[in-house]
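This is input.tsv (TSV, C-alpha atoms).
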chain	number	residue	atom	x	y	z
A	102	MET	CA	22.37	-25.70	-27.79
A	103	PRO	CA	19.35	-24.63	-29.88
A	104	PHE	CA	17.26	-27.10	-27.88
A	105	LEU	CA	18.53	-25.56	-24.63
A	106	GLY	CA	17.50	-22.07	-25.82
A	107	LEU	CA	14.08	-23.33	-26.85
A	108	GLY	CA	13.68	-25.01	-23.47
A	109	LEU	CA	14.48	-21.80	-21.60
A	110	HIS	CA	12.01	-19.85	-23.73
A	111	LEU	CA	9.33	-22.46	-22.98
A	112	ILE	CA	10.08	-22.38	-19.25
A	113	ALA	CA	9.72	-18.59	-19.26
A	114	ALA	CA	6.44	-18.87	-21.16
A	115	ILE	CA	5.11	-21.44	-18.67
A	116	PHE	CA	6.14	-19.24	-15.73
A	117	PHE	CA	4.30	-16.22	-17.13
A	118	ALA	CA	1.31	-18.39	-18.13
A	119	VAL	CA	0.96	-19.57	-14.52
A	120	HIS	CA	1.17	-15.94	-13.37
A	121	ALA	CA	-1.49	-14.94	-15.91
A	122	VAL	CA	-3.89	-17.66	-14.72
A	123	ARG	CA	-3.29	-16.99	-11.00
A	124	THR	CA	-3.86	-13.25	-11.38
A	125	GLY	CA	-6.93	-13.53	-13.62
A	126	ARG	CA	-5.44	-12.12	-16.81
A	127	PRO	CA	-7.34	-12.54	-20.11
A	128	MET	CA	-6.77	-15.96	-21.66
A	129	VAL	CA	-5.48	-14.31	-24.84
A	130	TRP	CA	-2.16	-13.98	-22.99
A	131	LEU	CA	-1.77	-17.76	-23.00
A	132	LEU	CA	-2.13	-17.78	-26.77
A	133	ILE	CA	0.47	-15.04	-27.09
A	134	LEU	CA	2.91	-16.71	-24.70
A	135	PHE	CA	2.84	-20.12	-26.35
A	136	SER	CA	2.54	-18.92	-29.94
A	137	PHE	CA	5.58	-16.65	-29.54
A	138	PRO	CA	7.54	-18.07	-26.56
A	139	LEU	CA	10.36	-15.50	-26.54
A	140	LEU	CA	8.60	-12.38	-27.83
A	141	GLY	CA	5.42	-13.18	-25.89
A	142	SER	CA	7.36	-13.56	-22.64
A	143	ILE	CA	9.15	-10.25	-23.20
A	144	VAL	CA	5.88	-8.44	-23.91
A	145	TYR	CA	4.15	-10.02	-20.89
A	146	PHE	CA	7.06	-9.13	-18.62
A	147	ALA	CA	7.06	-5.48	-19.74
A	148	ALA	CA	3.30	-4.98	-19.94
A	149	ILE	CA	1.98	-7.05	-17.02
A	150	PHE	CA	4.56	-8.65	-14.74
A	151	LEU	CA	6.96	-5.76	-14.04
A	152	PRO	CA	4.36	-2.97	-13.50
A	153	HIS	CA	2.67	-5.10	-10.82
A	154	SER	CA	5.79	-6.57	-9.22
A	155	ARG	CA	7.02	-5.77	-5.73
A	156	LEU	CA	10.39	-4.66	-7.16
A	157	GLU	CA	8.76	-2.02	-9.35
A	158	ARG	CA	6.60	-0.79	-6.47
A	159	GLN	CA	9.63	-0.53	-4.18
A	160	ALA	CA	11.57	1.43	-6.78
A	161	ARG	CA	8.61	3.75	-7.26
A	162	MET	CA	8.26	4.21	-3.50
A	163	ALA	CA	11.96	4.93	-3.11
A	164	GLY	CA	11.97	7.59	-5.81
A	165	HIS	CA	8.83	9.18	-4.47
A	166	ALA	CA	10.13	9.22	-0.89
A	167	LEU	CA	13.27	11.05	-2.00
A	168	GLN	CA	11.25	13.60	-3.94
A	169	LYS	CA	8.97	14.22	-0.94
A	170	LYS	CA	11.96	14.97	1.26
A	171	LEU	CA	13.38	17.46	-1.23
A	172	ASP	CA	10.09	19.21	-2.07
A	173	PRO	CA	7.11	17.89	-0.04
A	174	GLY	CA	4.47	20.04	-1.72
A	175	ARG	CA	5.55	19.52	-5.30
A	176	ASP	CA	3.15	16.70	-6.25
A	177	VAL	CA	0.05	18.57	-5.08
A	178	ARG	CA	1.14	21.82	-6.73
A	179	GLU	CA	1.83	20.16	-10.07
A	180	ALA	CA	-1.32	18.04	-9.98
A	181	ARG	CA	-3.52	21.02	-9.07
A	182	ALA	CA	-1.97	23.15	-11.80
A	183	ALA	CA	-2.53	20.39	-14.36
A	184	PHE	CA	-6.16	19.96	-13.31
A	185	ASP	CA	-6.81	23.72	-13.33
A	186	LEU	CA	-5.35	23.96	-16.82
A	187	THR	CA	-7.01	20.81	-18.20
A	188	PRO	CA	-9.83	19.54	-15.95
A	189	THR	CA	-9.94	16.00	-17.31
A	190	ALA	CA	-10.88	12.91	-15.30
A	191	HIS	CA	-7.28	11.69	-15.57
A	192	ASN	CA	-5.89	14.91	-14.10
A	193	GLN	CA	-8.53	14.86	-11.37
A	194	MET	CA	-7.46	11.36	-10.35
A	195	ARG	CA	-3.84	12.50	-10.32
A	196	LEU	CA	-4.80	15.39	-8.03
A	197	ALA	CA	-6.78	13.08	-5.73
A	198	ALA	CA	-3.79	10.73	-5.40
A	199	ALA	CA	-1.41	13.63	-4.66
A	200	LEU	CA	-3.76	15.03	-2.00
A	201	LEU	CA	-4.06	11.63	-0.33
A	202	ASP	CA	-0.30	11.15	-0.30
A	203	ALA	CA	0.09	14.61	1.24
A	204	GLY	CA	-2.35	13.78	4.03
A	205	GLN	CA	-5.09	16.13	2.81
A	206	THR	CA	-7.64	13.36	3.19
A	207	ALA	CA	-10.90	15.30	3.16
A	208	GLU	CA	-10.15	16.96	-0.17
A	209	ALA	CA	-8.77	13.68	-1.51
A	210	VAL	CA	-12.10	11.99	-0.69
A	211	ALA	CA	-14.00	14.72	-2.50
A	212	GLN	CA	-11.81	14.47	-5.60
A	213	TYR	CA	-12.02	10.68	-5.69
A	214	GLU	CA	-15.81	10.84	-5.28
A	215	ALA	CA	-15.96	13.03	-8.37
A	216	CYS	CA	-13.73	10.55	-10.24
A	217	LEU	CA	-16.06	7.68	-9.37
A	218	GLN	CA	-18.98	9.57	-10.90
A	219	GLY	CA	-17.28	9.88	-14.28
A	220	PRO	CA	-15.42	7.68	-16.76
A	221	PHE	CA	-13.28	6.18	-13.98
A	222	ALA	CA	-16.33	4.86	-12.10
A	223	LYS	CA	-15.23	1.24	-12.64
A	224	ASP	CA	-11.50	1.86	-12.80
A	225	ALA	CA	-9.66	-0.31	-10.27
A	226	GLU	CA	-7.01	2.34	-9.56
A	227	ALA	CA	-9.67	4.95	-8.83
A	228	ILE	CA	-11.61	2.57	-6.58
A	229	LEU	CA	-8.52	1.57	-4.59
A	230	GLY	CA	-7.47	5.19	-4.25
A	231	ALA	CA	-10.94	6.25	-3.14
A	232	ALA	CA	-11.02	3.46	-0.57
A	233	ARG	CA	-7.66	4.49	0.84
A	234	ALA	CA	-8.79	8.11	1.03
A	235	ARG	CA	-11.95	7.14	2.89
A	236	ALA	CA	-10.03	4.97	5.33
A	237	ALA	CA	-7.46	7.71	5.96
A	238	ASN	CA	-10.32	10.15	6.52
A	239	GLY	CA	-11.82	8.00	9.27
A	240	GLN	CA	-14.42	6.24	7.11
A	241	PRO	CA	-13.39	2.55	7.23
A	242	GLU	CA	-16.86	1.17	6.52
A	243	ALA	CA	-17.07	3.30	3.38
A	244	ALA	CA	-13.66	1.96	2.37
A	245	ILE	CA	-14.86	-1.61	2.90
A	246	GLY	CA	-17.85	-0.88	0.69
A	247	LEU	CA	-15.44	-0.18	-2.18
A	248	LEU	CA	-12.76	-2.77	-1.47
A	249	GLU	CA	-14.92	-5.87	-1.05
A	250	PRO	CA	-16.50	-5.61	-4.53
A	251	LEU	CA	-13.10	-4.71	-6.03
A	252	GLN	CA	-11.41	-7.75	-4.54
A	253	ALA	CA	-14.26	-10.04	-5.65
A	254	ALA	CA	-14.57	-8.66	-9.18
A	255	GLN	CA	-10.87	-8.15	-9.96
A	256	PRO	CA	-8.81	-10.59	-7.85
A	257	GLY	CA	-5.77	-10.05	-10.08
A	258	PHE	CA	-5.58	-6.30	-9.52
A	259	ARG	CA	-2.84	-5.45	-7.02
A	260	PRO	CA	-3.94	-8.34	-4.79
A	261	GLU	CA	-1.45	-7.68	-1.98
A	262	GLU	CA	-2.22	-3.96	-1.77
A	263	THR	CA	-5.96	-4.54	-1.95
A	264	ALA	CA	-5.83	-7.21	0.78
A	265	LEU	CA	-3.80	-4.96	3.08
A	266	ALA	CA	-6.10	-1.98	2.52
A	267	LEU	CA	-9.15	-4.15	3.20
A	268	GLY	CA	-7.53	-5.71	6.27
A	269	ARG	CA	-6.75	-2.29	7.73
A	270	ALA	CA	-10.29	-1.10	7.06
A	271	TYR	CA	-11.71	-4.20	8.75
A	272	ALA	CA	-9.44	-3.64	11.76
A	273	ALA	CA	-10.48	0.02	12.02
A	274	SER	CA	-14.12	-1.08	11.95
A	275	GLY	CA	-13.61	-3.62	14.71
A	276	ARG	CA	-14.00	-6.61	12.40
A	277	GLN	CA	-10.87	-8.29	13.70
A	278	MET	CA	-11.37	-11.83	12.39
A	279	GLU	CA	-11.89	-10.56	8.86
A	280	ALA	CA	-8.87	-8.29	9.22
A	281	GLY	CA	-6.72	-11.23	10.29
A	282	ALA	CA	-7.87	-13.31	7.34
A	283	GLN	CA	-6.81	-10.58	4.89
A	284	PHE	CA	-3.40	-10.09	6.53
A	285	MET	CA	-2.80	-13.84	6.69
A	286	SER	CA	-3.70	-14.27	3.03
A	287	ALA	CA	-1.40	-11.44	1.95
A	288	ALA	CA	1.51	-12.70	4.07
A	289	GLU	CA	1.17	-16.30	2.86
A	290	ARG	CA	0.69	-15.46	-0.81
A	291	PHE	CA	3.27	-12.70	-1.19
A	292	GLY	CA	5.53	-12.73	1.87
A	293	GLY	CA	6.12	-8.96	1.70
A	294	ILE	CA	7.44	-7.14	4.75
A	295	GLU	CA	4.36	-4.89	4.92
A	296	ALA	CA	2.00	-7.86	5.02
A	297	ARG	CA	4.11	-9.60	7.66
A	298	VAL	CA	4.20	-6.51	9.87
A	299	GLU	CA	0.44	-6.04	9.61
A	300	LEU	CA	-0.09	-9.70	10.47
A	301	ALA	CA	2.26	-9.43	13.44
A	302	LEU	CA	0.47	-6.30	14.68
A	303	TRP	CA	-2.87	-8.07	14.34
A	304	ALA	CA	-1.56	-11.15	16.18
A	305	LEU	CA	-0.20	-9.02	19.03
A	306	ALA	CA	-3.52	-7.18	19.37
A	307	SER	CA	-5.44	-10.47	19.22
A	308	ARG	CA	-3.17	-12.16	21.81
A	309	ASP	CA	-2.21	-14.88	19.36
A	310	GLU	CA	1.25	-15.42	20.86
A	311	ALA	CA	2.36	-18.27	18.60
A	312	LEU	CA	1.52	-16.38	15.40
A	313	ALA	CA	2.98	-13.14	16.73
A	314	GLN	CA	6.30	-14.76	17.68
A	315	ARG	CA	6.52	-16.57	14.34
A	316	GLU	CA	6.03	-13.36	12.37
A	317	LEU	CA	8.30	-11.30	14.62
A	318	LYS	CA	11.08	-13.83	14.06
A	319	GLU	CA	10.64	-13.62	10.27
A	320	ILE	CA	10.53	-9.83	10.37
A	321	ALA	CA	13.65	-9.60	12.55
A	322	HIS	CA	15.51	-11.82	10.10
A	323	ALA	CA	14.42	-9.64	7.17
A	324	ARG	CA	15.38	-6.41	8.96
A	325	ARG	CA	18.90	-7.68	9.62
A	326	HIS	CA	19.44	-8.07	5.89
A	327	MET	CA	17.89	-4.75	4.80
A	328	THR	CA	19.97	-1.83	3.59
A	329	ALA	CA	19.88	1.41	5.52
A	330	TYR	CA	17.81	2.97	2.77
A	331	THR	CA	15.22	0.17	2.82
A	332	LEU	CA	14.96	0.45	6.60
A	333	ASP	CA	14.39	4.18	6.26
A	334	LEU	CA	11.76	3.55	3.60
A	335	HIS	CA	9.81	1.37	6.07
A	336	ARG	CA	10.57	3.55	9.09
A	337	GLU	CA	6.94	4.28	9.98
A	338	LEU	CA	5.94	0.64	9.54
A	339	PHE	CA	8.69	-0.52	11.91
A	340	ARG	CA	7.92	2.29	14.36
A	341	ARG	CA	4.37	0.97	14.69
A	342	LEU	CA	5.64	-2.56	15.17
A	343	ASP	CA	8.29	-1.66	17.76
A	344	ALA	CA	5.74	0.39	19.71
A	345	ALA	CA	3.30	-2.54	19.73
A	346	VAL	CA	6.00	-4.98	20.84
A	347	GLY	CA	7.10	-2.59	23.59
A	348	ALA	CA	3.54	-2.20	24.86
A	349	HIS	CA	2.78	-5.92	24.68
Take the structure in this file and express it as structure tokens.
Amino acid sequence: MPFLGLGLHLIAAIFFAVHAVRTGRPMVWLLILFSFPLLGSIVYFAAIFLPHSRLERQARMAGHALQKKLDPGRDVREARAAFDLTPTAHNQMRLAAALLDAGQTAEAVAQYEACLQGPFAKDAEAILGAARARAANGQPEAAIGLLEPLQAAQPGFRPEETALALGRAYAASGRQMEAGAQFMSAAERFGGIEARVELALWALASRDEALAQRELKEIAHARRHMTAYTLDLHRELFRRLDAAVGAH
């Protein structure tokens, strides 16, 4: 039995080591994982794996969606109050994110621009947020100018989200082949419903019938097994897809 426990600890360490290498984490994590198989795996799971996992993002999205329904202006009010009281770079980035989420894209762009001039100039979260704000504000080329260097320099940072944001910016700029490459990469690497829907939308627009039908079949299968709450969470995503299918 002790050997079985040791084996499981080693398997967990190997799993997290592969994840660390694939996502570009510092090599010191390998030393931690194999020097302390159980403790190292627990620390890696809590510090790296869970915060960047799809499960954690979905839970965060679900909680945020519920809050928005109950009090849609709360995030912006609280973020603005915090920034007015303590105008730090951290509070400014929080305000920028809240403005973007509320659809106040022009002000979000301005706040993110200020963030990128300060201590968060090279922060991946700030860069991704600024790119999303620019894209939402009708500036896809400006978004591409932020996302391409981010993806090249930090391939392990939220790779699925970065690929989707870049793919959408490419599509909005008319760079359809590059958009398709980003959506295809995200769908193949991560298999998330958002990536699959974006790929299906791209395939429909590009008249790639074989790819479109393949993705639509996978999406339909996933939708049949989703809970009512998950379907509601992705309502806008599926609305876009159903409209595109109906117009095809």
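Of the listed residues A:Ala237, A:Arg297, A:Glu289, A:Pro256, the one whose atoms come nearest to A:Ala273 is A:Ala237, with distances taken using all atoms listed in the file.
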Report, as JSON, the centre and edge lengths in Å (one decimal) of the axis-aligned box enclosing every listed atom of stretch 255-267 of chain A, padded by 8 Å on each side.
{"center_x": -6.2, "center_y": -6.3, "center_z": -3.4, "size_x": 25.4, "size_y": 24.6, "size_z": 29.3}
### Query
Can you tell me, as a PyMOL selection string, what residues are no more than 12 Å from A:Leu131 when counting all atoms listed in the file, ignoring any on the same chain fewer than 4 positions away?
chain A and resi 114-122+125-127+135-138+141-142+145
### Message
Can you tell me which residues surround A:Gln252 at a distance of at most 10 Å, considering all atoms listed in the file, apart from same-chain residues fewer than 4 positions away, and format the answer as a list in words?
### Response
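Counting all atoms listed in the file, the residues come to Ala225, Leu229, Leu247, Leu248, Pro256, Gly257, Phe258, Arg259, Pro260, Thr263, Ala264 and Leu267 of chain A.
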Pull the closest atom pair for each residue of stretch 226-326 of chain A that gets at most 9 Å from stretch 184-200 of chain A, along with the distance in Å to one decimal, counting all atoms listed in the file, ordering rows by chain and then ascending residue number, as a Markdown table.
| residue | atom | partner | partner_atom | distance |
| --- | --- | --- | --- | --- |
| A:Ala227 | CA | A:Met194 | CA | 6.9 |
| A:Gly230 | CA | A:Ala198 | CA | 6.7 |
| A:Ala231 | CA | A:Ala197 | CA | 8.4 |
| A:Ala234 | CA | A:Ala198 | CA | 8.6 |
Could you please fill out stretch 196-227 of chain A with N, CA and C atoms and send it back as a PDB file, in the frame of the given file?
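Final file, selection-v4.pdb:
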ATOM      1  N   LEU A 196      -4.708  14.444  -9.138  1.00  0.00           N
ATOM      2  CA  LEU A 196      -4.800  15.390  -8.030  1.00  0.00           C
ATOM      3  C   LEU A 196      -5.282  14.688  -6.762  1.00  0.00           C
ATOM      4  N   ALA A 197      -6.264  13.818  -6.893  1.00  0.00           N
ATOM      5  CA  ALA A 197      -6.780  13.080  -5.730  1.00  0.00           C
ATOM      6  C   ALA A 197      -5.676  12.248  -5.094  1.00  0.00           C
ATOM      7  N   ALA A 198      -4.874  11.568  -5.915  1.00  0.00           N
ATOM      8  CA  ALA A 198      -3.790  10.730  -5.400  1.00  0.00           C
ATOM      9  C   ALA A 198      -2.732  11.589  -4.694  1.00  0.00           C
ATOM     10  N   ALA A 199      -2.413  12.736  -5.261  1.00  0.00           N
ATOM     11  CA  ALA A 199      -1.410  13.630  -4.660  1.00  0.00           C
ATOM     12  C   ALA A 199      -1.909  14.164  -3.320  1.00  0.00           C
ATOM     13  N   LEU A 200      -3.180  14.520  -3.243  1.00  0.00           N
ATOM     14  CA  LEU A 200      -3.760  15.030  -2.000  1.00  0.00           C
ATOM     15  C   LEU A 200      -3.739  13.948  -0.913  1.00  0.00           C
ATOM     16  N   LEU A 201      -4.073  12.729  -1.288  1.00  0.00           N
ATOM     17  CA  LEU A 201      -4.060  11.630  -0.330  1.00  0.00           C
ATOM     18  C   LEU A 201      -2.652  11.397   0.193  1.00  0.00           C
ATOM     19  N   ASP A 202      -1.682  11.387  -0.688  1.00  0.00           N
ATOM     20  CA  ASP A 202      -0.300  11.150  -0.300  1.00  0.00           C
ATOM     21  C   ASP A 202       0.216  12.268   0.603  1.00  0.00           C
ATOM     22  N   ALA A 203      -0.334  13.470   0.429  1.00  0.00           N
ATOM     23  CA  ALA A 203       0.090  14.610   1.240  1.00  0.00           C
ATOM     24  C   ALA A 203      -0.662  14.700   2.563  1.00  0.00           C
ATOM     25  N   GLY A 204      -1.600  13.782   2.782  1.00  0.00           N
ATOM     26  CA  GLY A 204      -2.350  13.780   4.030  1.00  0.00           C
ATOM     27  C   GLY A 204      -3.556  14.695   4.049  1.00  0.00           C
ATOM     28  N   GLN A 205      -3.918  15.269   2.899  1.00  0.00           N
ATOM     29  CA  GLN A 205      -5.090  16.130   2.810  1.00  0.00           C
ATOM     30  C   GLN A 205      -6.302  15.244   2.467  1.00  0.00           C
ATOM     31  N   THR A 206      -6.703  14.456   3.448  1.00  0.00           N
ATOM     32  CA  THR A 206      -7.640  13.360   3.190  1.00  0.00           C
ATOM     33  C   THR A 206      -9.050  13.806   2.819  1.00  0.00           C
ATOM     34  N   ALA A 207      -9.542  14.860   3.446  1.00  0.00           N
ATOM     35  CA  ALA A 207     -10.900  15.300   3.160  1.00  0.00           C
ATOM     36  C   ALA A 207     -11.050  15.731   1.705  1.00  0.00           C
ATOM     37  N   GLU A 208     -10.089  16.527   1.228  1.00  0.00           N
ATOM     38  CA  GLU A 208     -10.150  16.960  -0.170  1.00  0.00           C
ATOM     39  C   GLU A 208      -9.891  15.790  -1.115  1.00  0.00           C
ATOM     40  N   ALA A 209      -9.032  14.865  -0.689  1.00  0.00           N
ATOM     41  CA  ALA A 209      -8.770  13.680  -1.510  1.00  0.00           C
ATOM     42  C   ALA A 209     -10.054  12.863  -1.688  1.00  0.00           C
ATOM     43  N   VAL A 210     -10.817  12.707  -0.606  1.00  0.00           N
ATOM     44  CA  VAL A 210     -12.100  11.990  -0.690  1.00  0.00           C
ATOM     45  C   VAL A 210     -13.021  12.662  -1.689  1.00  0.00           C
ATOM     46  N   ALA A 211     -13.116  13.974  -1.604  1.00  0.00           N
ATOM     47  CA  ALA A 211     -14.000  14.720  -2.500  1.00  0.00           C
ATOM     48  C   ALA A 211     -13.580  14.554  -3.960  1.00  0.00           C
ATOM     49  N   GLN A 212     -12.292  14.618  -4.217  1.00  0.00           N
ATOM     50  CA  GLN A 212     -11.810  14.470  -5.600  1.00  0.00           C
ATOM     51  C   GLN A 212     -12.035  13.054  -6.116  1.00  0.00           C
ATOM     52  N   TYR A 213     -11.786  12.058  -5.267  1.00  0.00           N
ATOM     53  CA  TYR A 213     -12.020  10.680  -5.690  1.00  0.00           C
ATOM     54  C   TYR A 213     -13.511  10.412  -5.919  1.00  0.00           C
ATOM     55  N   GLU A 214     -14.363  11.012  -5.092  1.00  0.00           N
ATOM     56  CA  GLU A 214     -15.810  10.840  -5.280  1.00  0.00           C
ATOM     57  C   GLU A 214     -16.223  11.352  -6.656  1.00  0.00           C
ATOM     58  N   ALA A 215     -15.652  12.487  -7.045  1.00  0.00           N
ATOM     59  CA  ALA A 215     -15.960  13.030  -8.370  1.00  0.00           C
ATOM     60  C   ALA A 215     -15.454  12.094  -9.464  1.00  0.00           C
ATOM     61  N   CYS A 216     -14.274  11.499  -9.250  1.00  0.00           N
ATOM     62  CA  CYS A 216     -13.730  10.550 -10.240  1.00  0.00           C
ATOM     63  C   CYS A 216     -14.654   9.356 -10.417  1.00  0.00           C
ATOM     64  N   LEU A 217     -15.216   8.876  -9.317  1.00  0.00           N
ATOM     65  CA  LEU A 217     -16.060   7.680  -9.370  1.00  0.00           C
ATOM     66  C   LEU A 217     -17.434   7.962  -9.982  1.00  0.00           C
ATOM     67  N   GLN A 218     -17.728   9.219 -10.225  1.00  0.00           N
ATOM     68  CA  GLN A 218     -18.980   9.570 -10.900  1.00  0.00           C
ATOM     69  C   GLN A 218     -18.805   9.700 -12.409  1.00  0.00           C
ATOM     70  N   GLY A 219     -17.562   9.659 -12.860  1.00  0.00           N
ATOM     71  CA  GLY A 219     -17.280   9.880 -14.280  1.00  0.00           C
ATOM     72  C   GLY A 219     -16.772   8.639 -14.975  1.00  0.00           C
ATOM     73  N   PRO A 220     -15.909   8.821 -15.961  1.00  0.00           N
ATOM     74  CA  PRO A 220     -15.420   7.680 -16.760  1.00  0.00           C
ATOM     75  C   PRO A 220     -14.567   6.701 -15.985  1.00  0.00           C
ATOM     76  N   PHE A 221     -14.089   7.089 -14.793  1.00  0.00           N
ATOM     77  CA  PHE A 221     -13.280   6.180 -13.980  1.00  0.00           C
ATOM     78  C   PHE A 221     -14.123   5.460 -12.923  1.00  0.00           C
ATOM     79  N   ALA A 222     -15.438   5.453 -13.096  1.00  0.00           N
ATOM     80  CA  ALA A 222     -16.330   4.860 -12.100  1.00  0.00           C
ATOM     81  C   ALA A 222     -16.000   3.404 -11.809  1.00  0.00           C
ATOM     82  N   LYS A 223     -15.549   2.668 -12.823  1.00  0.00           N
ATOM     83  CA  LYS A 223     -15.230   1.240 -12.640  1.00  0.00           C
ATOM     84  C   LYS A 223     -13.735   0.964 -12.728  1.00  0.00           C
ATOM     85  N   ASP A 224     -12.942   2.025 -12.699  1.00  0.00           N
ATOM     86  CA  ASP A 224     -11.500   1.860 -12.800  1.00  0.00           C
ATOM     87  C   ASP A 224     -10.933   1.382 -11.461  1.00  0.00           C
ATOM     88  N   ALA A 225     -10.172   0.283 -11.500  1.00  0.00           N
ATOM     89  CA  ALA A 225      -9.660  -0.310 -10.270  1.00  0.00           C
ATOM     90  C   ALA A 225      -8.742   0.644  -9.506  1.00  0.00           C
ATOM     91  N   GLU A 226      -7.904   1.385 -10.221  1.00  0.00           N
ATOM     92  CA  GLU A 226      -7.010   2.340  -9.560  1.00  0.00           C
ATOM     93  C   GLU A 226      -7.798   3.401  -8.814  1.00  0.00           C
ATOM     94  N   ALA A 227      -8.840   3.913  -9.454  1.00  0.00           N
ATOM     95  CA  ALA A 227      -9.670   4.950  -8.830  1.00  0.00           C
ATOM     96  C   ALA A 227     -10.394   4.397  -7.606  1.00  0.00           C
TER      97      ALA A 227
END
